[in-house]
Every structure is written in structure tokens, then in C-alpha cells.
>>> print(open('protein_10.pdb').read())   # PDB, C-alpha atoms
MODEL        1
ATOM      1  CA  MET A  20     -60.736 -21.113  56.957
ATOM      2  CA  ASN A  21     -64.397 -20.646  56.024
ATOM      3  CA  LYS A  22     -64.369 -17.228  57.683
ATOM      4  CA  ILE A  23     -61.309 -16.156  55.705
ATOM      5  CA  LEU A  24     -62.935 -17.283  52.469
ATOM      6  CA  SER A  25     -66.104 -15.428  53.405
ATOM      7  CA  ILE A  26     -64.115 -12.237  54.005
ATOM      8  CA  LEU A  27     -62.326 -12.575  50.672
ATOM      9  CA  VAL A  28     -65.578 -13.198  48.806
ATOM     10  CA  PHE A  29     -67.119 -10.172  50.517
ATOM     11  CA  LEU A  30     -64.197  -7.961  49.509
ATOM     12  CA  VAL A  31     -64.457  -9.068  45.875
ATOM     13  CA  SER A  32     -68.244  -8.782  45.736
ATOM     14  CA  PHE A  33     -68.102  -5.364  47.379
ATOM     15  CA  THR A  34     -66.943  -3.926  44.107
ATOM     16  CA  TYR A  35     -70.062  -5.248  42.389
ATOM     17  CA  ILE A  36     -72.692  -4.529  45.065
ATOM     18  CA  ASN A  37     -74.330  -1.563  43.379
ATOM     19  CA  ALA A  38     -75.866  -2.743  40.114
ATOM     20  CA  GLN A  39     -76.945   0.808  39.364
ATOM     21  CA  ASP A  40     -73.379   2.117  39.519
ATOM     22  CA  ILE A  41     -72.614   3.153  35.949
ATOM     23  CA  THR A  42     -69.314   4.902  36.573
ATOM     24  CA  LYS A  43     -67.469   2.039  34.891
ATOM     25  CA  PHE A  44     -70.113   1.749  32.197
ATOM     26  CA  TYR A  45     -69.602   5.044  30.419
ATOM     27  CA  LYS A  46     -67.244   7.968  30.028
ATOM     28  CA  GLN A  47     -68.216  11.621  29.816
ATOM     29  CA  SER A  48     -65.852  14.187  28.274
ATOM     30  CA  ILE A  49     -66.043  17.885  27.611
ATOM     31  CA  HIS A  50     -65.930  18.683  23.907
ATOM     32  CA  THR A  51     -65.869  22.005  22.064
ATOM     33  CA  GLU A  52     -69.376  21.209  20.775
ATOM     34  CA  GLY A  53     -70.862  19.956  24.038
ATOM     35  CA  LEU A  54     -70.532  16.815  26.164
ATOM     36  CA  LEU A  55     -69.232  13.606  24.602
ATOM     37  CA  TYR A  56     -70.527  10.321  26.005
ATOM     38  CA  PHE A  57     -68.859   6.992  25.348
ATOM     39  CA  VAL A  58     -70.371   3.672  26.461
ATOM     40  CA  TYR A  59     -67.642   1.099  26.968
ATOM     41  CA  PRO A  60     -67.798  -2.061  24.833
ATOM     42  CA  GLN A  61     -70.686  -4.343  25.786
ATOM     43  CA  LYS A  62     -71.425  -7.912  24.735
ATOM     44  CA  MET A  63     -74.536  -9.419  23.193
ATOM     45  CA  SER A  64     -75.053 -13.175  22.854
ATOM     46  CA  ILE A  65     -75.465 -15.026  19.577
ATOM     47  CA  LYS A  66     -79.113 -15.797  18.909
ATOM     48  CA  LYS A  67     -79.825 -19.527  18.757
ATOM     49  CA  GLY A  68     -80.397 -20.779  15.259
ATOM     50  CA  GLU A  69     -78.581 -20.368  11.956
ATOM     51  CA  SER A  70     -76.389 -17.580  13.334
ATOM     52  CA  SER A  71     -74.562 -19.968  15.633
ATOM     53  CA  ASN A  72     -73.256 -21.776  12.543
ATOM     54  CA  ILE A  73     -70.932 -18.965  11.537
ATOM     55  CA  CYS A  74     -70.779 -16.622  14.559
ATOM     56  CA  LYS A  75     -67.944 -17.566  16.852
ATOM     57  CA  LYS A  76     -68.100 -14.929  19.575
ATOM     58  CA  ASP A  77     -70.618 -12.585  21.118
ATOM     59  CA  LEU A  78     -71.235  -9.278  19.411
ATOM     60  CA  SER A  79     -69.141  -6.492  20.906
ATOM     61  CA  TYR A  80     -70.633  -3.009  20.613
ATOM     62  CA  ASP A  81     -69.993   0.477  21.938
ATOM     63  CA  TYR A  82     -71.731   3.831  21.579
ATOM     64  CA  THR A  83     -70.481   7.376  21.121
ATOM     65  CA  TYR A  84     -72.850  10.329  21.494
ATOM     66  CA  LEU A  85     -72.215  14.061  21.312
ATOM     67  CA  ASP A  86     -75.115  15.850  22.955
ATOM     68  CA  SER A  87     -75.123  18.741  20.487
ATOM     69  CA  LYS A  88     -75.869  16.334  17.631
ATOM     70  CA  ASP A  89     -78.862  14.066  17.263
ATOM     71  CA  SER A  90     -76.994  11.009  16.018
ATOM     72  CA  VAL A  91     -75.455   8.182  17.999
ATOM     73  CA  THR A  92     -72.547   6.231  16.522
ATOM     74  CA  ILE A  93     -72.560   2.485  17.107
ATOM     75  CA  LEU A  94     -69.358   0.528  16.548
ATOM     76  CA  MET A  95     -69.624  -3.257  16.503
ATOM     77  CA  THR A  96     -67.281  -6.222  16.163
ATOM     78  CA  ILE A  97     -68.555  -9.418  14.558
ATOM     79  CA  THR A  98     -66.440 -12.570  14.820
ATOM     80  CA  THR A  99     -67.258 -15.281  12.290
ATOM     81  CA  SER A 100     -65.750 -18.493  10.991
ATOM     82  CA  VAL A 101     -65.843 -17.173   7.418
ATOM     83  CA  PRO A 102     -65.304 -13.614   6.105
ATOM     84  CA  TYR A 103     -68.540 -11.662   6.509
ATOM     85  CA  LYS A 104     -69.263  -8.134   5.295
ATOM     86  CA  PRO A 105     -72.700  -6.933   6.347
ATOM     87  CA  ASP A 106     -74.494  -4.315   4.254
ATOM     88  CA  CYS A 107     -77.331  -3.553   6.582
ATOM     89  CA  ILE A 108     -78.184  -3.689  10.287
ATOM     90  CA  GLU A 109     -81.614  -3.917  11.874
ATOM     91  CA  ILE A 110     -82.389  -3.516  15.564
ATOM     92  CA  THR A 111     -85.778  -4.935  16.531
ATOM     93  CA  TYR A 112     -87.302  -3.984  19.870
ATOM     94  CA  ASN A 113     -90.565  -4.078  21.747
ATOM     95  CA  SER A 114     -92.070  -0.601  21.952
ATOM     96  CA  GLY A 115     -94.855  -1.569  24.314
ATOM     97  CA  THR A 116     -97.764  -2.635  22.152
ATOM     98  CA  GLN A 117     -95.906  -3.630  19.016
ATOM     99  CA  LYS A 118     -92.577  -4.597  17.555
ATOM    100  CA  SER A 119     -90.550  -1.743  16.114
ATOM    101  CA  SER A 120     -87.253  -1.661  14.342
ATOM    102  CA  VAL A 121     -84.449   0.678  13.460
ATOM    103  CA  SER A 122     -82.393  -0.082  10.400
ATOM    104  CA  GLY A 123     -79.479   1.484   8.614
ATOM    105  CA  ASN A 124     -76.539   0.896   6.355
ATOM    106  CA  THR A 125     -73.278  -0.295   7.827
ATOM    107  CA  GLU A 126     -69.851   1.081   7.058
ATOM    108  CA  ILE A 127     -67.060  -1.490   7.181
ATOM    109  CA  LEU A 128     -64.043  -0.117   9.046
ATOM    110  CA  TYR A 129     -61.915  -3.195   8.532
ATOM    111  CA  VAL A 130     -61.895  -6.983   8.265
ATOM    112  CA  GLU A 131     -59.043  -8.875   9.919
ATOM    113  CA  SER A 132     -58.035 -12.450  10.541
ATOM    114  CA  GLN A 133     -57.966 -13.601  14.162
ATOM    115  CA  LYS A 134     -56.522 -17.091  14.620
ATOM    116  CA  LYS A 135     -59.018 -19.326  12.754
ATOM    117  CA  ASN A 136     -61.754 -16.689  12.687
ATOM    118  CA  TRP A 137     -62.520 -13.445  10.913
ATOM    119  CA  ARG A 138     -63.280 -10.224  12.709
ATOM    120  CA  THR A 139     -65.293  -7.450  11.059
ATOM    121  CA  ARG A 140     -65.569  -4.002  12.577
ATOM    122  CA  VAL A 141     -68.613  -2.024  11.410
ATOM    123  CA  ARG A 142     -70.080   1.375  12.114
ATOM    124  CA  THR A 143     -73.601   2.714  11.834
ATOM    125  CA  THR A 144     -75.563   5.658  13.213
ATOM    126  CA  ILE A 145     -79.036   6.001  14.693
ATOM    127  CA  GLY A 146     -80.989   8.925  16.107
ATOM    128  CA  TYR A 147     -80.844   9.756  19.816
ATOM    129  CA  SER A 148     -84.597   9.251  20.307
ATOM    130  CA  GLU A 149     -84.384   5.845  18.625
ATOM    131  CA  TRP A 150     -81.498   4.947  20.948
ATOM    132  CA  VAL A 151     -83.613   5.829  23.980
ATOM    133  CA  ASN A 152     -86.642   3.917  22.670
ATOM    134  CA  ILE A 153     -84.550   0.791  22.098
ATOM    135  CA  TYR A 154     -83.545   0.601  25.733
ATOM    136  CA  LYS A 155     -87.088   1.155  26.961
ATOM    137  CA  SER A 156     -87.959  -2.245  25.494
ATOM    138  CA  PRO A 157     -89.099  -4.633  28.274
ATOM    139  CA  THR A 158     -87.861  -7.628  26.283
ATOM    140  CA  PRO A 159     -84.406  -8.184  24.781
ATOM    141  CA  ILE A 160     -83.710  -6.508  21.472
ATOM    142  CA  THR A 161     -82.494  -8.403  18.411
ATOM    143  CA  VAL A 162     -79.594  -7.076  16.361
ATOM    144  CA  SER A 163     -79.554  -8.508  12.825
ATOM    145  CA  PHE A 164     -76.956  -8.131  10.117
ATOM    146  CA  SER A 165     -77.692  -8.977   6.506
ATOM    147  CA  SER A 166     -75.307  -9.280   3.604
ATOM    148  CA  ASP A 167     -76.106  -9.246  -0.112
ATOM    149  CA  THR A 168     -72.656 -10.652  -0.894
ATOM    150  CA  ASP A 169     -72.586 -13.490   1.613
ATOM    151  CA  LYS A 170     -76.346 -14.166   1.464
ATOM    152  CA  GLN A 171     -76.408 -14.850   5.170
ATOM    153  CA  LYS A 172     -78.235 -13.178   8.023
ATOM    154  CA  ILE A 173     -76.751 -13.271  11.522
ATOM    155  CA  GLU A 174     -78.549 -12.325  14.678
ATOM    156  CA  TYR A 175     -77.701 -11.520  18.262
ATOM    157  CA  MET A 176     -79.969 -11.347  21.289
ATOM    158  CA  ASP A 177     -79.342 -11.221  25.035
ATOM    159  CA  SER A 178     -81.113 -13.315  27.643
ATOM    160  CA  GLN A 179     -83.900 -11.611  29.564
ATOM    161  CA  LYS A 180     -81.730 -11.507  32.715
ATOM    162  CA  ARG A 181     -78.783  -9.843  31.006
ATOM    163  CA  TRP A 182     -81.083  -7.477  29.100
ATOM    164  CA  LYS A 183     -82.670  -6.272  32.321
ATOM    165  CA  LYS A 184     -79.256  -5.389  33.793
ATOM    166  CA  VAL A 185     -77.995  -3.693  30.624
ATOM    167  CA  SER A 186     -81.160  -1.709  29.930
ATOM    168  CA  MET A 187     -81.249  -0.381  33.517
ATOM    169  CA  LYS A 188     -77.760   1.021  33.055
ATOM    170  CA  PHE A 189     -78.718   2.709  29.803
ATOM    171  CA  ILE A 190     -81.866   4.203  31.335
ATOM    172  CA  ARG A 191     -79.725   5.714  34.086
ATOM    173  CA  LEU A 192     -77.321   7.051  31.469
ATOM    174  CA  PHE A 193     -80.188   8.696  29.566
ATOM    175  CA  GLN A 194     -81.336  10.353  32.790
ATOM    176  CA  LEU A 195     -77.829  11.721  33.206
ATOM    177  CA  ILE A 196     -77.784  13.022  29.628
ATOM    178  CA  ASP A 197     -81.173  14.698  30.140
ATOM    179  CA  TYR A 198     -79.999  16.427  33.311
ATOM    180  CA  ASN A 199     -76.953  17.756  31.495
ATOM    181  CA  ASN A 200     -78.995  19.261  28.655
TER     182      ASN A 200
ATOM    183  CA  MET B  18     -56.907 -19.619  68.468
ATOM    184  CA  ARG B  19     -53.205 -19.729  67.640
ATOM    185  CA  LYS B  20     -53.846 -21.886  64.572
ATOM    186  CA  LYS B  21     -56.516 -19.468  63.407
ATOM    187  CA  MET B  22     -54.147 -16.526  63.783
ATOM    188  CA  ILE B  23     -51.480 -18.350  61.799
ATOM    189  CA  LYS B  24     -53.988 -19.183  59.051
ATOM    190  CA  LEU B  25     -55.138 -15.580  58.913
ATOM    191  CA  ALA B  26     -51.577 -14.341  58.701
ATOM    192  CA  MET B  27     -50.817 -16.809  55.911
ATOM    193  CA  ALA B  28     -53.913 -15.740  53.993
ATOM    194  CA  GLY B  29     -52.844 -12.131  54.367
ATOM    195  CA  MET B  30     -49.368 -12.926  53.080
ATOM    196  CA  VAL B  31     -50.824 -14.780  50.102
ATOM    197  CA  VAL B  32     -53.064 -11.843  49.239
ATOM    198  CA  PHE B  33     -50.213  -9.376  49.677
ATOM    199  CA  GLY B  34     -47.842 -11.521  47.671
ATOM    200  CA  MET B  35     -50.332 -12.059  44.886
ATOM    201  CA  SER B  36     -51.280  -8.413  44.776
ATOM    202  CA  SER B  37     -48.556  -7.818  42.254
ATOM    203  CA  CYS B  38     -49.317 -10.873  40.139
ATOM    204  CA  ALA B  39     -52.181  -9.458  38.114
ATOM    205  CA  SER B  40     -51.196  -5.835  38.434
ATOM    206  CA  MET B  41     -50.711  -4.395  35.007
ATOM    207  CA  THR B  42     -48.542  -1.482  35.974
ATOM    208  CA  PHE B  43     -47.930   1.097  38.659
ATOM    209  CA  THR B  44     -50.237   4.058  38.392
ATOM    210  CA  PRO B  45     -49.266   7.607  39.403
ATOM    211  CA  ALA B  46     -51.394   6.987  42.497
ATOM    212  CA  GLY B  47     -49.553   3.763  43.287
ATOM    213  CA  ARG B  48     -51.031   0.260  43.329
ATOM    214  CA  GLY B  49     -53.768  -1.104  45.577
ATOM    215  CA  THR B  50     -52.956  -4.373  47.328
ATOM    216  CA  LEU B  51     -56.585  -5.483  47.439
ATOM    217  CA  TYR B  52     -58.240  -3.496  44.674
ATOM    218  CA  THR B  53     -57.122  -1.016  42.023
ATOM    219  CA  SER B  54     -59.380   1.004  39.755
ATOM    220  CA  VAL B  55     -57.604   4.085  38.473
ATOM    221  CA  LYS B  56     -57.990   6.293  35.425
ATOM    222  CA  THR B  57     -54.839   8.138  34.500
ATOM    223  CA  ASP B  58     -53.532  10.466  31.876
ATOM    224  CA  GLY B  59     -51.834   9.362  28.686
ATOM    225  CA  HIS B  60     -50.712  11.545  25.846
ATOM    226  CA  VAL B  61     -52.046  14.783  24.423
ATOM    227  CA  THR B  62     -51.474  16.067  20.889
ATOM    228  CA  SER B  63     -52.101  19.380  19.232
ATOM    229  CA  ASN B  64     -54.958  17.907  17.165
ATOM    230  CA  SER B  65     -58.428  19.211  17.915
ATOM    231  CA  CYS B  66     -60.652  17.211  20.247
ATOM    232  CA  GLY B  67     -62.388  14.515  18.210
ATOM    233  CA  THR B  68     -65.781  12.903  18.474
ATOM    234  CA  LYS B  69     -64.553   9.353  17.956
ATOM    235  CA  VAL B  70     -63.525   7.126  20.845
ATOM    236  CA  GLY B  71     -61.749   3.780  20.637
ATOM    237  CA  THR B  72     -60.539   1.347  23.304
ATOM    238  CA  ALA B  73     -58.091  -1.532  23.505
ATOM    239  CA  THR B  74     -57.586  -3.843  26.495
ATOM    240  CA  ALA B  75     -54.989  -6.272  27.803
ATOM    241  CA  THR B  76     -55.779  -8.807  30.540
ATOM    242  CA  ASN B  77     -53.681 -10.406  33.266
ATOM    243  CA  ILE B  78     -54.693 -13.551  35.152
ATOM    244  CA  LEU B  79     -52.610 -14.303  38.249
ATOM    245  CA  GLY B  80     -49.557 -12.946  36.514
ATOM    246  CA  LEU B  81     -49.442 -16.260  34.671
ATOM    247  CA  VAL B  82     -51.433 -15.454  31.551
ATOM    248  CA  LEU B  83     -51.175 -12.033  29.906
ATOM    249  CA  THR B  84     -53.189 -11.532  26.735
ATOM    250  CA  GLY B  85     -54.680  -8.789  24.636
ATOM    251  CA  ASP B  86     -53.655  -5.748  22.708
ATOM    252  CA  ALA B  87     -53.717  -2.431  24.545
ATOM    253  CA  SER B  88     -51.887  -0.458  21.903
ATOM    254  CA  VAL B  89     -52.882   3.044  20.846
ATOM    255  CA  GLU B  90     -52.920   1.825  17.251
ATOM    256  CA  THR B  91     -55.529  -0.873  17.964
ATOM    257  CA  ALA B  92     -57.702   1.503  19.971
ATOM    258  CA  ALA B  93     -57.562   4.130  17.209
ATOM    259  CA  LYS B  94     -58.247   1.519  14.537
ATOM    260  CA  SER B  95     -61.302   0.220  16.397
ATOM    261  CA  ALA B  96     -63.003   3.602  16.057
ATOM    262  CA  GLY B  97     -61.623   4.551  12.650
ATOM    263  CA  ILE B  98     -59.567   7.360  14.183
ATOM    264  CA  LYS B  99     -57.032   8.890  11.813
ATOM    265  CA  LYS B 100     -55.995  11.903  13.897
ATOM    266  CA  ILE B 101     -55.485  11.322  17.606
ATOM    267  CA  SER B 102     -56.243  14.198  19.961
ATOM    268  CA  HIS B 103     -55.493  12.538  23.305
ATOM    269  CA  VAL B 104     -55.105   9.187  25.073
ATOM    270  CA  ASP B 105     -56.253   8.066  28.531
ATOM    271  CA  ARG B 106     -55.486   4.894  30.474
ATOM    272  CA  GLU B 107     -57.382   2.779  32.988
ATOM    273  CA  ASN B 108     -55.966   0.143  35.350
ATOM    274  CA  MET B 109     -58.024  -2.388  37.238
ATOM    275  CA  SER B 110     -56.859  -5.163  39.520
ATOM    276  CA  ILE B 111     -58.740  -7.387  41.988
ATOM    277  CA  LEU B 112     -56.740  -9.056  44.761
ATOM    278  CA  GLY B 113     -53.872  -9.631  42.373
ATOM    279  CA  ILE B 114     -55.924 -12.361  40.743
ATOM    280  CA  TYR B 115     -57.357 -10.527  37.766
ATOM    281  CA  GLY B 116     -56.228  -7.283  36.172
ATOM    282  CA  THR B 117     -56.899  -5.211  33.066
ATOM    283  CA  TYR B 118     -55.136  -2.350  31.370
ATOM    284  CA  LYS B 119     -57.224  -0.263  29.003
ATOM    285  CA  VAL B 120     -56.197   2.434  26.557
ATOM    286  CA  ILE B 121     -58.828   4.963  25.442
ATOM    287  CA  VAL B 122     -58.073   7.017  22.350
ATOM    288  CA  TYR B 123     -59.953  10.142  21.253
ATOM    289  CA  GLY B 124     -59.723  11.698  17.809
ATOM    290  CA  GLU B 125     -61.182  12.174  14.340
TER     291      GLU B 125
ENDMDL
END
>>> encode(input="protein_10.pdb", output="C-alpha cells")
Amino acid sequence: MNKILSILVFLVSFTYINAQDITKFYKQSIHTEGLLYFVYPQKMSIKKGESSNICKKDLSYDYTYLDSKDSVTILMTITTSVPYKPDCIEITYNSGTQKSSVSGNTEILYVESQKKNWRTRVRTTIGYSEWVNIYKSPTPITVSFSSDTDKQKIEYMDSQKRWKKVSMKFIRLFQLIDYNN
Amino acid sequence: MRKKMIKLAMAGMVVFGMSSCASMTFTPAGRGTLYTSVKTDGHVTSNSCGTKVGTATATNILGLVLTGDASVETAAKSAGIKKISHVDRENMSILGIYGTYKVIVYGE
């Protein structure tokens, strides 16, 4: 019985052996203006502190990048216990010797009710070079949303272990983008 | 030895039988008993190829719990797409225990 279980576990883990395999991490499409890259939705944990009071689920985010343009579109889903409409986003990362940040305005796509919670879908854009610099950070980045209306700041940050896995995938993706340019 | 063979055969039957439990749907390439990971075509419109991409996913656990929203509308809404150019689909299933069905919508 133990041998059968071992074989089954091996078969299941076989699909996850190669941590550097990013084929299920992104999608590349041919577009009239170049190559379109889409990073499937990823999760980022709620940062411990005040954010955990109103955030109910991890941040879900995905990226879309067209290589002929410099900007990267980030779409994010925030799930909170009360309606929350962020005005501004800030991504703080470690650029080697100092802390750096990228900030921008957020565009609200929609707010919807989900069971007892509220789900807000937002969009923002950053430059391609900023996107690359973010994922070179050796320590986890912090994504912060602030709202003038709700007077509340919410933050998300991965654990070091998860950040290492995620950033390695992005670094491989950037290599792929560079080779295609 | 005989007992071991019987146990192995029973395990194989369980895996084969459960292979359809968490399968979301047949793909044009069929359905893998042990593992399925297939990207297939969806719909194409006459709209120009967009730069926005949205996804929506439904999940199946053992064929007992099916949840999620894998509609084209939800995928388009998630990216703010107002004109759909084309739709792709992705099926994934592991040993009939866990499966996902994903819709990917492109547009402007």
C-alpha cells in the first residue's frame, strides 16, 4: 500500500518538479503591434497589521505587457469587509542599497458584492523598467493602497519563501522578453 | 504477492474511475486519465486584436464540489474589455481529484 501511495505522490509531484517552468505562468500572443505577454493571476498575502482588519483575501494581480509599448498594465482584485475604493497605489521594493518605490493613480473598473465581502477591481500602469526593477528586489515587495475617501491604507506583502519563487519566475520571463526584442 | 496485485488493480480502478470526477470537460484532444493540461480554441470575432486580457476560472474537487465563474462575461469584465477579439480555453485535471477550467478573453 505504501508503494502505491508513493507512486501516486510521485505522479502528482512530477507536474511540479521544475520550479523554473513558467509555461503555466504566462501567455505570449502575437499582436499587430508586437508580442503581447500576459502573466496569469498571482496572489500576494495580506501584510500583518491594520490591513488584516478589513482585508479578507489575498491580493490577486495580473500583468499585461505589449513589447512595443513601454507601459505594463497591472490589474488587481482587493477583497475587503467594507467597500473600499483606492485612489493611489505604491509598490515599495529593495533596489539593493536603498528602498525605492513606484506609485501611481488607480482606475476603478468595478466594485461588486461577494457574499459578505466587497470586491474591488483596479487598474494601474507602470513602466517596463520599473517592472523589471521591482522583481530584482531580494526581499519581498510591499503593495500599498491608500484612499482619501475611506481614510484607510491597506498593504500586502509575500513571505520571503513565496517571494523567492515568484521573483525567479518573473526574472525568467524578463529574459524571454529580452530575447524576443 | 496475490494480495499486492489485487491492491494494485484496485488502486488502478479507483484512479481510472475517479479520472472523470474532476474533469471539467472533454477537450478536442480527449481527456487524460492521470493528468490533463490542454489549451484549446474558443471563439473568434471580427474585432481587431486587443491589448487587454482577462481570465475567469471554475474549479472542480472530486466531482463533488464545483465552484467558480468561467464565463466570458466575467473574464471580459475583469480586464475592462468592451470589445472581444477572441477567446481561448484551458483545462487542467490531476488524477480526477482536482480540475480547473479557465476562459481567457482578449479584446479592447
>>> closest_residue(input="protein_10.pdb", among="B:Thr68, B:Asn77, B:Thr117, B:Ser88", to="Lys100 of chain B", atoms="all atoms listed in the file")
B:Thr68
>>> closest_residue(input="protein_10.pdb", among="B:Thr74, B:Ser102, B:Ser110, B:Ser95", to="Arg138 of chain A", atoms="all atoms listed in the file")
B:Ser95
>>> resolve_selection(input="protein_10.pdb", expression="the PyMOL selection byres ((chain B) within 9 of (chain A))", output="list in words")
Lys21, Lys24, Leu25, Ala28, Leu51, Tyr52, Ser65, Cys66, Gly67, Thr68, Lys69, Val70, Gly71, Thr72, Lys94, Ser95, Ala96, Gly97, Ile111 and Leu112 of chain B
>>> closest_residue(input="protein_10.pdb", among="B:Lys56, B:Arg48, B:Ala73, B:Ser63", to="Glu90 of chain B", atoms="only C-alpha atoms")
B:Ala73
>>> atom_distance(input="protein_10.pdb", atom1="atom CA of Trp150 of chain A", atom2="atom CA of Thr168 of chain A")
28.3 Å
>>> closest_residue(input="protein_10.pdb", among="B:His60, B:Val89, B:Ile101, B:Val82", to="Gly116 of chain B", atoms="only C-alpha atoms")
B:Val82
>>> resolve_selection(input="protein_10.pdb", expression="the PyMOL selection byres ((chain A and resi 177) around 7)", output="PDB file with C-alpha atoms, in the frame of the given file")
ATOM      1  CA  MET A  63     -74.536  -9.419  23.193  1.00  0.00           C
ATOM      2  CA  SER A  64     -75.053 -13.175  22.854  1.00  0.00           C
ATOM      3  CA  PRO A 159     -84.406  -8.184  24.781  1.00  0.00           C
ATOM      4  CA  TYR A 175     -77.701 -11.520  18.262  1.00  0.00           C
ATOM      5  CA  MET A 176     -79.969 -11.347  21.289  1.00  0.00           C
ATOM      6  CA  SER A 178     -81.113 -13.315  27.643  1.00  0.00           C
ATOM      7  CA  GLN A 179     -83.900 -11.611  29.564  1.00  0.00           C
ATOM      8  CA  ARG A 181     -78.783  -9.843  31.006  1.00  0.00           C
ATOM      9  CA  TRP A 182     -81.083  -7.477  29.100  1.00  0.00           C
TER      10      TRP A 182
END
